[in-house]
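Source file: data25.txt; contents: compact mmCIF, C-alpha atoms.
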```
# COMPACT_ATOMS: atom_id res chain seq x y z
CA MET A 10 20.98 -16.66 -8.97
CA SER A 11 20.56 -16.13 -5.23
CA THR A 12 18.94 -18.39 -2.63
CA PRO A 13 16.82 -16.37 -0.15
CA ARG A 14 17.15 -17.84 3.37
CA PRO A 15 14.91 -15.91 5.80
CA SER A 16 14.81 -17.13 9.41
CA LEU A 17 11.78 -16.87 11.73
CA ASP A 18 11.01 -18.09 15.23
CA TRP A 19 7.58 -19.50 16.07
CA PRO A 20 6.02 -16.31 17.53
CA ARG A 21 7.12 -14.32 14.50
CA LEU A 22 5.67 -16.93 12.15
CA GLU A 23 2.40 -16.90 14.10
CA ARG A 24 2.23 -13.11 13.86
CA LEU A 25 2.95 -13.19 10.13
CA ARG A 26 0.26 -15.74 9.38
CA HIS A 27 -2.54 -15.03 11.81
CA GLU A 28 -2.13 -11.44 13.00
CA ALA A 29 -1.09 -8.39 10.97
CA VAL A 30 2.31 -7.31 9.65
CA ILE A 31 3.36 -4.50 7.32
CA VAL A 32 6.58 -4.50 5.31
CA THR A 33 7.67 -1.50 3.23
CA GLY A 34 10.06 -1.51 0.31
CA ALA A 35 11.29 0.22 -2.82
CA PRO A 36 10.72 -2.06 -5.83
CA GLY A 37 10.90 -1.03 -9.44
CA VAL A 38 7.84 1.12 -10.24
CA PHE A 39 6.86 2.16 -13.76
CA GLU A 40 3.92 4.20 -15.01
CA ILE A 41 2.63 3.73 -18.55
CA THR A 42 0.41 6.47 -19.96
CA GLY A 43 -0.80 7.60 -23.36
CA PRO A 44 -3.64 6.75 -25.76
CA GLY A 45 -2.22 3.30 -26.50
CA ALA A 46 -1.04 2.35 -23.01
CA LEU A 47 -3.63 -0.38 -22.49
CA PRO A 48 -3.27 -2.23 -25.83
CA CYS A 49 0.52 -1.90 -25.71
CA ILE A 50 0.84 -3.50 -22.26
CA GLN A 51 -1.85 -6.04 -23.15
CA GLY A 52 0.38 -7.08 -26.06
CA LEU A 53 3.35 -7.66 -23.75
CA LEU A 54 1.98 -9.10 -20.50
CA THR A 55 1.16 -12.79 -20.00
CA ASN A 56 -2.04 -11.91 -18.14
CA ASP A 57 -5.22 -10.18 -19.35
CA ILE A 58 -5.52 -6.63 -18.04
CA VAL A 59 -8.33 -5.80 -20.49
CA LYS A 60 -10.58 -8.51 -19.09
CA ALA A 61 -9.74 -7.50 -15.52
CA GLY A 62 -11.18 -4.03 -16.20
CA GLU A 63 -10.41 -0.67 -14.67
CA ASN A 64 -9.34 -0.40 -11.04
CA SER A 65 -7.91 -3.89 -10.98
CA ALA A 66 -4.57 -5.60 -10.45
CA VAL A 67 -3.15 -8.78 -11.98
CA TYR A 68 0.14 -10.64 -11.77
CA GLY A 69 2.04 -11.57 -14.92
CA ALA A 70 5.34 -11.31 -16.75
CA LEU A 71 7.02 -9.99 -19.86
CA LEU A 72 8.64 -12.70 -21.97
CA THR A 73 11.27 -13.12 -24.63
CA PRO A 74 10.00 -14.14 -28.09
CA LYS A 75 10.89 -17.73 -27.08
CA GLY A 76 8.63 -17.56 -24.04
CA MET A 77 11.25 -17.12 -21.28
CA ILE A 78 10.47 -14.76 -18.40
CA VAL A 79 12.31 -11.44 -18.56
CA VAL A 80 10.69 -9.80 -15.54
CA ASP A 81 7.52 -10.45 -13.54
CA PHE A 82 5.14 -7.63 -12.58
CA TRP A 83 2.16 -6.67 -10.53
CA THR A 84 0.14 -4.60 -13.01
CA ILE A 85 -2.35 -2.06 -11.67
CA ARG A 86 -4.84 -0.63 -14.15
CA GLN A 87 -6.50 2.68 -13.27
CA PRO A 88 -8.21 5.35 -15.41
CA ALA A 89 -5.13 7.61 -15.28
CA GLY A 90 -2.76 4.92 -16.50
CA ILE A 91 -1.07 1.61 -15.76
CA THR A 92 1.40 1.06 -12.93
CA LEU A 93 3.77 -1.89 -13.02
CA ILE A 94 5.68 -3.05 -9.94
CA ALA A 95 8.73 -5.27 -10.33
CA ASP A 96 11.43 -6.79 -8.17
CA PRO A 97 14.42 -4.40 -8.06
CA GLN A 98 16.51 -7.07 -9.81
CA GLY A 99 14.27 -6.69 -12.84
CA HIS A 100 14.50 -2.91 -13.07
CA ASP A 101 17.13 -2.60 -15.78
CA ALA A 102 15.63 -5.36 -17.92
CA ALA A 103 12.20 -3.73 -17.67
CA VAL A 104 13.56 -0.33 -18.70
CA ALA A 105 15.33 -1.82 -21.72
CA LEU A 106 12.24 -3.77 -22.76
CA PHE A 107 9.90 -0.78 -22.46
CA GLN A 108 12.27 1.45 -24.41
CA HIS A 109 12.44 -1.13 -27.17
CA GLN A 110 8.80 -2.28 -27.25
CA LEU A 111 6.66 0.78 -26.49
CA PRO A 112 5.93 3.16 -29.41
CA PRO A 113 6.41 6.64 -27.85
CA ARG A 114 3.44 8.17 -29.68
CA LEU A 115 1.09 5.64 -28.12
CA ALA A 116 2.56 4.74 -24.74
CA ARG A 117 5.05 6.59 -22.57
CA MET A 118 6.98 4.93 -19.77
CA THR A 119 7.93 6.94 -16.68
CA ASP A 120 10.39 5.30 -14.31
CA LEU A 121 9.19 6.15 -10.79
CA THR A 122 11.62 3.87 -9.00
CA GLY A 123 12.89 5.67 -5.90
CA GLU A 124 9.97 8.11 -5.96
CA ARG A 125 7.26 5.54 -5.31
CA GLY A 126 7.21 3.05 -2.47
CA VAL A 127 5.19 -0.05 -1.70
CA ALA A 128 3.83 -1.58 1.51
CA TRP A 129 2.71 -5.19 1.75
CA LEU A 130 0.25 -6.36 4.41
CA PHE A 131 0.35 -9.92 5.76
CA GLY A 132 -1.77 -11.95 8.16
CA ASP A 133 -5.39 -12.87 8.78
CA GLU A 134 -6.16 -9.64 10.66
CA SER A 135 -4.52 -7.23 8.22
CA ILE A 136 -7.64 -6.33 6.21
CA GLY A 137 -9.56 -5.55 9.40
CA HIS A 138 -6.76 -3.27 10.60
CA LEU A 139 -6.57 -1.65 7.16
CA ARG A 140 -10.26 -0.79 7.29
CA PHE A 141 -10.01 0.42 10.88
CA ALA A 142 -7.09 2.73 10.03
CA GLY A 143 -9.32 4.78 7.72
CA ILE A 144 -6.75 5.59 5.05
CA GLY A 145 -9.20 4.66 2.31
CA PRO A 146 -11.86 2.20 1.14
CA VAL A 147 -10.89 -1.45 0.69
CA GLU A 148 -12.34 -3.43 -2.22
CA GLU A 149 -14.36 -6.54 -1.43
CA ARG A 150 -13.10 -8.42 -4.49
CA ALA A 151 -9.64 -9.89 -4.78
CA GLY A 152 -7.62 -7.89 -7.27
CA GLY A 153 -9.74 -4.80 -6.70
CA VAL A 154 -8.09 -1.39 -6.55
CA THR A 155 -9.23 1.69 -4.63
CA THR A 156 -7.71 5.09 -3.82
CA GLY A 157 -7.03 6.44 -0.36
CA HIS A 158 -4.81 9.09 1.21
CA ALA A 159 -1.95 9.19 3.68
CA GLY A 160 0.20 12.14 4.63
CA GLY A 161 -1.97 14.33 2.41
CA GLU A 162 -1.00 12.35 -0.72
CA PRO A 163 -2.90 9.76 -2.80
CA LEU A 164 -2.44 6.10 -2.04
CA THR A 165 -3.40 3.12 -4.22
CA ILE A 166 -4.84 0.19 -2.25
CA VAL A 167 -4.80 -3.27 -3.88
CA ARG A 168 -6.61 -6.13 -2.19
CA THR A 169 -5.36 -9.67 -2.87
CA GLU A 170 -6.85 -11.58 0.08
CA SER A 171 -8.18 -15.08 -0.76
CA TRP A 172 -6.59 -14.94 -4.21
CA GLY A 173 -3.34 -16.74 -3.43
CA PRO A 174 -0.48 -14.20 -3.18
CA PRO A 175 1.56 -14.16 0.04
CA PHE A 176 0.23 -10.73 1.06
CA ARG A 177 -3.36 -9.71 1.75
CA ALA A 178 -3.08 -6.17 0.44
CA MET A 179 -0.57 -3.87 -1.24
CA LEU A 180 -0.28 -0.10 -0.93
CA VAL A 181 1.45 2.01 -3.59
CA GLY A 182 2.26 5.71 -3.33
CA SER A 183 5.01 8.24 -2.88
CA THR A 184 7.67 7.26 -0.37
CA ALA A 185 6.25 9.87 2.00
CA ALA A 186 2.71 8.52 1.61
CA ILE A 187 3.87 4.95 2.25
CA GLU A 188 5.67 5.92 5.45
CA ALA A 189 2.68 7.96 6.58
CA ALA A 190 0.38 4.99 5.89
CA ALA A 191 2.73 2.66 7.77
CA GLY A 192 2.59 4.95 10.79
CA VAL A 193 -1.21 5.04 10.76
CA LEU A 194 -1.45 1.27 10.34
CA MET A 195 0.98 0.56 13.17
CA ARG A 196 -1.07 2.80 15.45
CA ALA A 197 -4.08 0.75 14.36
CA GLY A 198 -2.37 -2.44 15.57
CA ILE A 199 -0.28 -3.72 12.66
CA ALA A 200 3.29 -4.77 13.54
CA ARG A 201 6.27 -3.60 11.48
CA GLY A 202 8.05 -6.42 9.68
CA ASP A 203 11.06 -6.62 7.40
CA GLU A 204 12.31 -8.38 4.28
CA SER A 205 12.63 -11.70 6.14
CA ASP A 206 8.89 -11.63 6.85
CA ARG A 207 8.10 -10.88 3.21
CA GLN A 208 10.35 -13.66 1.93
CA ALA A 209 9.03 -16.14 4.50
CA ALA A 210 5.43 -15.48 3.45
CA ARG A 211 6.42 -15.86 -0.20
CA ILE A 212 8.10 -19.22 0.40
CA LEU A 213 5.16 -20.60 2.38
CA CYS A 214 2.88 -19.67 -0.53
CA GLY A 215 5.23 -21.16 -3.12
CA TRP A 216 5.33 -17.84 -4.94
CA PRO A 217 8.24 -17.47 -7.41
CA ALA A 218 10.77 -14.64 -7.21
CA LEU A 219 13.03 -13.17 -9.85
CA GLY A 220 16.61 -14.23 -9.26
CA ALA A 221 15.56 -17.27 -7.23
CA GLU A 222 12.85 -19.42 -8.84
CA ILE A 223 12.86 -17.31 -12.02
CA ASP A 224 15.98 -16.99 -14.17
CA GLU A 225 16.63 -16.19 -17.82
CA LYS A 226 15.64 -19.72 -18.90
CA THR A 227 12.36 -20.05 -16.97
CA LEU A 228 9.04 -20.57 -18.73
CA PRO A 229 5.85 -19.33 -17.00
CA GLN A 230 4.47 -22.86 -16.50
CA GLU A 231 7.69 -23.91 -14.78
CA ALA A 232 7.25 -21.13 -12.19
CA ARG A 233 3.64 -22.06 -11.22
CA PHE A 234 2.08 -19.28 -13.32
CA ASP A 235 -0.90 -21.53 -14.07
CA ASP A 236 -1.52 -22.08 -10.34
CA ILE A 237 -1.08 -18.45 -9.31
CA GLN A 238 -3.18 -16.95 -12.13
CA GLY A 239 -0.20 -15.35 -13.85
CA VAL A 240 -1.02 -16.31 -17.44
CA SER A 241 -4.11 -16.11 -19.67
CA TYR A 242 -4.83 -18.60 -22.45
CA THR A 243 -7.84 -16.70 -23.82
CA LYS A 244 -6.46 -13.21 -24.49
CA GLY A 245 -5.00 -12.04 -27.77
CA CYS A 246 -1.39 -12.29 -28.84
CA TYR A 247 1.52 -11.18 -26.70
CA THR A 248 5.28 -11.59 -26.98
CA GLY A 249 6.22 -15.21 -26.29
CA GLN A 250 2.63 -16.47 -26.45
CA GLU A 251 3.29 -19.10 -29.10
CA THR A 252 5.66 -21.07 -26.86
CA VAL A 253 3.45 -20.68 -23.78
CA ALA A 254 0.29 -21.75 -25.63
CA ARG A 255 1.98 -24.70 -27.35
CA LEU A 256 3.27 -25.97 -24.01
CA HIS A 257 -0.19 -25.62 -22.47
CA PHE A 258 -2.28 -27.19 -25.21
CA ARG A 259 0.09 -29.73 -26.71
CA GLY A 260 2.64 -30.69 -24.11
CA HIS A 261 3.92 -30.11 -20.60
CA ALA A 262 6.82 -28.48 -18.81
CA ASN A 263 9.75 -30.80 -18.15
CA ARG A 264 10.33 -29.26 -14.74
CA GLY A 265 8.47 -27.22 -12.15
CA LEU A 266 8.50 -25.86 -8.62
CA MET A 267 8.02 -28.19 -5.66
CA GLY A 268 8.25 -27.82 -1.91
CA LEU A 269 10.92 -29.43 0.28
CA ARG A 270 10.93 -30.10 4.01
CA TRP A 271 14.02 -30.99 6.04
CA HIS A 272 14.05 -32.22 9.66
CA GLY A 273 16.32 -29.96 11.70
CA ASN A 274 17.56 -26.53 10.60
CA GLU A 275 21.23 -27.25 10.02
CA PRO A 276 22.66 -25.34 7.02
CA LEU A 277 22.54 -26.99 3.61
CA GLU A 278 25.68 -27.84 1.68
CA GLY A 279 25.04 -26.79 -1.88
CA GLU A 280 21.76 -26.59 -3.79
CA SER A 281 21.57 -29.81 -5.81
CA VAL A 282 18.52 -32.05 -5.51
CA LEU A 283 19.27 -35.76 -6.00
CA THR A 284 17.08 -38.85 -5.98
CA GLU A 285 18.02 -41.65 -3.59
CA ALA A 286 19.68 -43.33 -6.57
CA GLY A 287 21.97 -40.31 -6.94
CA LYS A 288 20.41 -38.83 -10.10
CA GLU A 289 20.42 -35.03 -10.15
CA VAL A 290 16.89 -33.79 -10.74
CA GLY A 291 16.95 -30.12 -9.78
CA SER A 292 18.15 -27.37 -7.48
CA VAL A 293 17.06 -25.63 -4.28
CA ARG A 294 15.96 -22.05 -4.98
CA SER A 295 14.65 -20.62 -1.67
CA VAL A 296 14.81 -21.79 1.97
CA LEU A 297 12.87 -20.74 5.08
CA VAL A 298 14.70 -21.46 8.34
CA LEU A 299 12.38 -22.37 11.25
CA PRO A 300 13.43 -23.47 14.76
CA ASP A 301 13.24 -27.21 14.07
CA ARG A 302 13.13 -27.53 10.28
CA LEU A 303 13.77 -26.01 6.89
CA LEU A 304 11.13 -25.43 4.22
CA GLY A 305 12.25 -24.77 0.69
CA ILE A 306 11.25 -24.30 -2.91
CA ALA A 307 13.11 -26.30 -5.54
CA MET A 308 12.98 -26.42 -9.33
CA VAL A 309 12.85 -30.13 -10.14
CA ARG A 310 12.16 -32.41 -13.07
CA ARG A 311 8.56 -33.51 -13.55
CA GLU A 312 9.25 -37.16 -12.71
CA VAL A 313 9.79 -36.20 -9.05
CA GLU A 314 6.59 -37.01 -7.15
CA PRO A 315 5.13 -35.26 -4.07
CA GLY A 316 6.08 -37.16 -0.93
CA GLU A 317 9.28 -38.50 -2.45
CA LEU A 318 12.43 -38.71 -0.34
CA VAL A 319 15.36 -36.88 -1.96
CA ILE A 320 18.79 -35.55 -1.05
CA ALA A 321 18.76 -31.75 -1.25
CA GLY A 322 21.75 -29.70 -0.16
CA ARG A 323 23.32 -32.99 0.95
CA ARG A 324 20.51 -33.55 3.45
CA SER A 325 17.48 -35.81 3.38
CA ALA A 326 14.26 -33.99 2.50
CA ARG A 327 10.69 -34.83 1.60
CA THR A 328 9.02 -33.26 -1.42
CA SER A 329 5.55 -31.70 -1.33
CA ILE A 330 3.15 -29.78 -3.51
CA LEU A 331 2.97 -26.00 -3.18
CA PRO A 332 1.79 -23.96 -1.38
CA PHE A 333 2.83 -25.50 1.92
CA GLY A 334 -0.07 -26.66 4.07
CA PRO A 335 -0.21 -26.16 7.86
CA SER A 336 0.89 -29.76 8.43
CA HIS A 337 4.35 -28.76 7.21
CA PHE A 338 5.00 -26.16 9.89
CA GLU A 339 2.34 -26.16 12.63
CA PRO A 340 2.13 -29.51 14.52
CA GLU A 341 5.08 -29.15 16.92
CA TYR A 342 4.35 -25.50 17.59
CA LEU A 343 0.76 -26.33 18.51
CA GLY A 344 1.86 -29.04 20.89
CA SER A 345 1.57 -32.17 18.79
CA THR A 346 3.80 -35.05 19.87
CA GLY A 347 3.92 -36.49 16.36
CA SER A 348 7.18 -36.88 14.49
CA SER A 349 8.37 -33.99 12.33
CA ARG A 350 10.78 -36.10 10.28
CA PRO A 351 10.41 -35.95 6.46
```

Could you take the file, read its structure, and then write that structure out as structure tokens?
Amino acid sequence: MSTPRPSLDWPRLERLRHEAVIVTGAPGVFEITGPGALPCIQGLLTNDIVKAGENSAVYGALLTPKGMIVVDFWTIRQPAGITLIADPQGHDAAVALFQHQLPPRLARMTDLTGERGVAWLFGDESIGHLRFAGIGPVEERAGGVTTGHAGGEPLTIVRTESWGPPFRAMLVGSTAAIEAAAGVLMRAGIARGDESDRQAARILCGWPALGAEIDEKTLPQEARFDDIQGVSYTKGCYTGQETVARLHFRGHANRGLMGLRWHGNEPLEGESVLTEAGKEVGSVRSVLVLPDRLLGIAMVRREVEPGELVIAGRRSARTSILPFGPSHFEPEYLGSTGSSRP
């Protein structure tokens, strides 16, 4: 397990949230084709790609038979096939799972990692800049997928604005097409960001990441999959569904993700989360370092309430629901004289 700790100053945070930023990367990319590609992936993924229809994208995960997350994916369904995008940490697990689970006569997996790139667009103005750049049409609906071109090569454009993910749009194509698109978009007014920007946006949205909030013992409900539309309770069977459905209809998760806010940005000492009585109730998973505070995501037991004062990383912190609201990071920057203490 790693604890992402991006650091942003106020202008950079303002740009990330309210202007337009592009970040490029090389995640795990897999293409599934063949006559049985759709039913095969539908039988593995927690979300419903059949209901979403063609030219759509959904977020979900592949599970163990006991319902634990193996790897989470963005799944893009197009007429030519299905593209799955995973965190690089999940690459090897995804390859092993596909080789074991996909019948080769029905569905063929092609590992395009290293050949395909991805660009994520952040900020309120990013969709406007994307349209202005003219690299392709942009869907009106969240989760809609269109095809454009950059550098003379095809480019898949996924819109997620107003849905809940940390980014407003995602571009997928060859590494050359992604760099060409990035150049066009920067000339159209989008600023170039880096991994710190991407992680900061993710933390503010309370979005889980493999290797941080998600480990080999994490159930979908523990990682906010209900809140972020990562699981369907109406689709047919999929691997691990029995545990997920039983927890949803007959019980509850014993732990879940919660936000933390610390006054001051001094480094934390450790990752344990303790109640004021000294009982250990969880662990810090991700931390965003801002000029006068820290914001974090913790996995904590369900008895911890929003607004509760805890000791996290040996420092006093206040818990909150996710995603973080503006009150957690805007007042001082906008000139408020109110206290920023937890």

* Asked: In terms of the shortest atom-to-atom distance over only C-alpha atoms, which of A:Phe141, A:Tyr68, A:Phe131, A:Tyr247 is closest to Gln110 in chain A?
  -> A:Tyr247

* Asked: So how many Å separate CA of Trp216 in chain A and CA of Ala95 in chain A, to one decimal?
  ->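 Atom-to-atom, CA of Trp216 in chain A and CA of Ala95 in chain A are spaced 14.1 Å apart.
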
* **Nearest residue to Gly268 in chain A from the set A:Glu339, A:Asp81, A:Glu314, A:Asp133 (distances using all atoms listed in the file)** =>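 Residue with the minimum atom-to-atom distance to Gly268 in chain A: A:Glu314.
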
* Pick out the residues sitting within 8 Å of Arg26 in chain A, and hand them over as an MDAnalysis selection string; count all atoms listed in the file, and ignore anything fewer than 2 positions along from it in its own chain. => chainID A and resid 22:24 28:29 131:133 210

* Determine, counting all atoms listed in the file, which protein, DNA and RNA residues have an atom within 12 Å of an atom of Val181 in chain A; residues of the same chain fewer than 3 positions away are not included. Present the result as a ChimeraX atom specification. => /A:33-40,66,83-85,92-94,121-122,124-130,154-159,162-168,178,184-191

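Atom pair CA of Leu256 in chain A / CA of Ser295 in chain A has a distance of 25.6 Å (rounded to one decimal).
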
* Contacts of Leu71 in chain A at 9 Å (only C-alpha atoms; same-chain gap of 6+ positions) as a count of residues only -> 14

* Asked: CA of Gly90 in chain A to CA of Leu115 in chain A: how many Å, to one decimal?
  ->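 Computing it gives 12.3 Å between the two atoms.
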
* With a distance cut-off of 9 Å and all atoms listed in the file, select the neighbouring residues of Val59 in chain A, excluding the residue or stretch itself and same-chain residues fewer than 3 positions from it, and output the selection as a PyMOL selection string. => chain A and resi 47-48+51+62-63+86+244

* Structure fact -> Of A:Leu219, A:Pro175, A:Arg21, A:Arg302, the one nearest to Gln98 in chain A when counting all atoms listed in the file is A:Leu219

Quick one: residues within 12 Å of Gly322 in chain A, only C-alpha atoms counted, chain neighbours fewer than 3 positions away excluded, as a compact mmCIF listing (two decimals) with C-alpha atoms, keeping the file's coordinate frame?
```
# COMPACT_ATOMS: atom_id res chain seq x y z
CA THR A 12 18.94 -18.39 -2.63
CA LEU A 269 10.92 -29.43 0.28
CA ARG A 270 10.93 -30.10 4.01
CA TRP A 271 14.02 -30.99 6.04
CA ASN A 274 17.56 -26.53 10.60
CA GLU A 275 21.23 -27.25 10.02
CA PRO A 276 22.66 -25.34 7.02
CA LEU A 277 22.54 -26.99 3.61
CA GLU A 278 25.68 -27.84 1.68
CA GLY A 279 25.04 -26.79 -1.88
CA GLU A 280 21.76 -26.59 -3.79
CA SER A 281 21.57 -29.81 -5.81
CA VAL A 282 18.52 -32.05 -5.51
CA LEU A 283 19.27 -35.76 -6.00
CA THR A 284 17.08 -38.85 -5.98
CA GLU A 289 20.42 -35.03 -10.15
CA GLY A 291 16.95 -30.12 -9.78
CA SER A 292 18.15 -27.37 -7.48
CA VAL A 293 17.06 -25.63 -4.28
CA ARG A 294 15.96 -22.05 -4.98
CA SER A 295 14.65 -20.62 -1.67
CA VAL A 296 14.81 -21.79 1.97
CA LEU A 303 13.77 -26.01 6.89
CA GLY A 305 12.25 -24.77 0.69
CA ALA A 307 13.11 -26.30 -5.54
CA VAL A 319 15.36 -36.88 -1.96
CA SER A 325 17.48 -35.81 3.38
CA ALA A 326 14.26 -33.99 2.50
```

* To do: Using all atoms listed in the file, find the one residue out of A:Val67, A:Asp224, A:Ala218, A:Val104 that sits nearest to Thr169 in chain A.
  => A:Val67

* Using only C-alpha atoms: which of A:Gly143, A:Gly239, A:Pro13, A:Gly43 has the shortest distance to Gly173 in chain A ->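 Among the listed residues, A:Gly239 lies closest to Gly173 in chain A.
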
Emit range 41-53 of chain A of the structure in the block as a file comprising C-alpha atoms, as a PDB file, in the first residue's frame.
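As a result, part_16.pdb now contains:
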```
ATOM      1  CA  ILE A  41     -11.439  -7.000 -25.773  1.00  0.00           C
ATOM      2  CA  THR A  42     -12.800  -8.136 -29.135  1.00  0.00           C
ATOM      3  CA  GLY A  43     -14.624 -11.137 -30.522  1.00  0.00           C
ATOM      4  CA  PRO A  44     -18.227 -12.345 -30.835  1.00  0.00           C
ATOM      5  CA  GLY A  45     -18.578 -12.849 -27.084  1.00  0.00           C
ATOM      6  CA  ALA A  46     -16.682  -9.780 -25.869  1.00  0.00           C
ATOM      7  CA  LEU A  47     -19.742  -7.989 -24.491  1.00  0.00           C
ATOM      8  CA  PRO A  48     -21.313 -10.881 -22.525  1.00  0.00           C
ATOM      9  CA  CYS A  49     -17.915 -11.998 -21.254  1.00  0.00           C
ATOM     10  CA  ILE A  50     -17.012  -8.588 -19.807  1.00  0.00           C
ATOM     11  CA  GLN A  51     -20.583  -8.127 -18.579  1.00  0.00           C
ATOM     12  CA  GLY A  52     -20.109 -11.337 -16.591  1.00  0.00           C
ATOM     13  CA  LEU A  53     -16.962  -9.996 -14.917  1.00  0.00           C
TER      14      LEU A  53
END
```
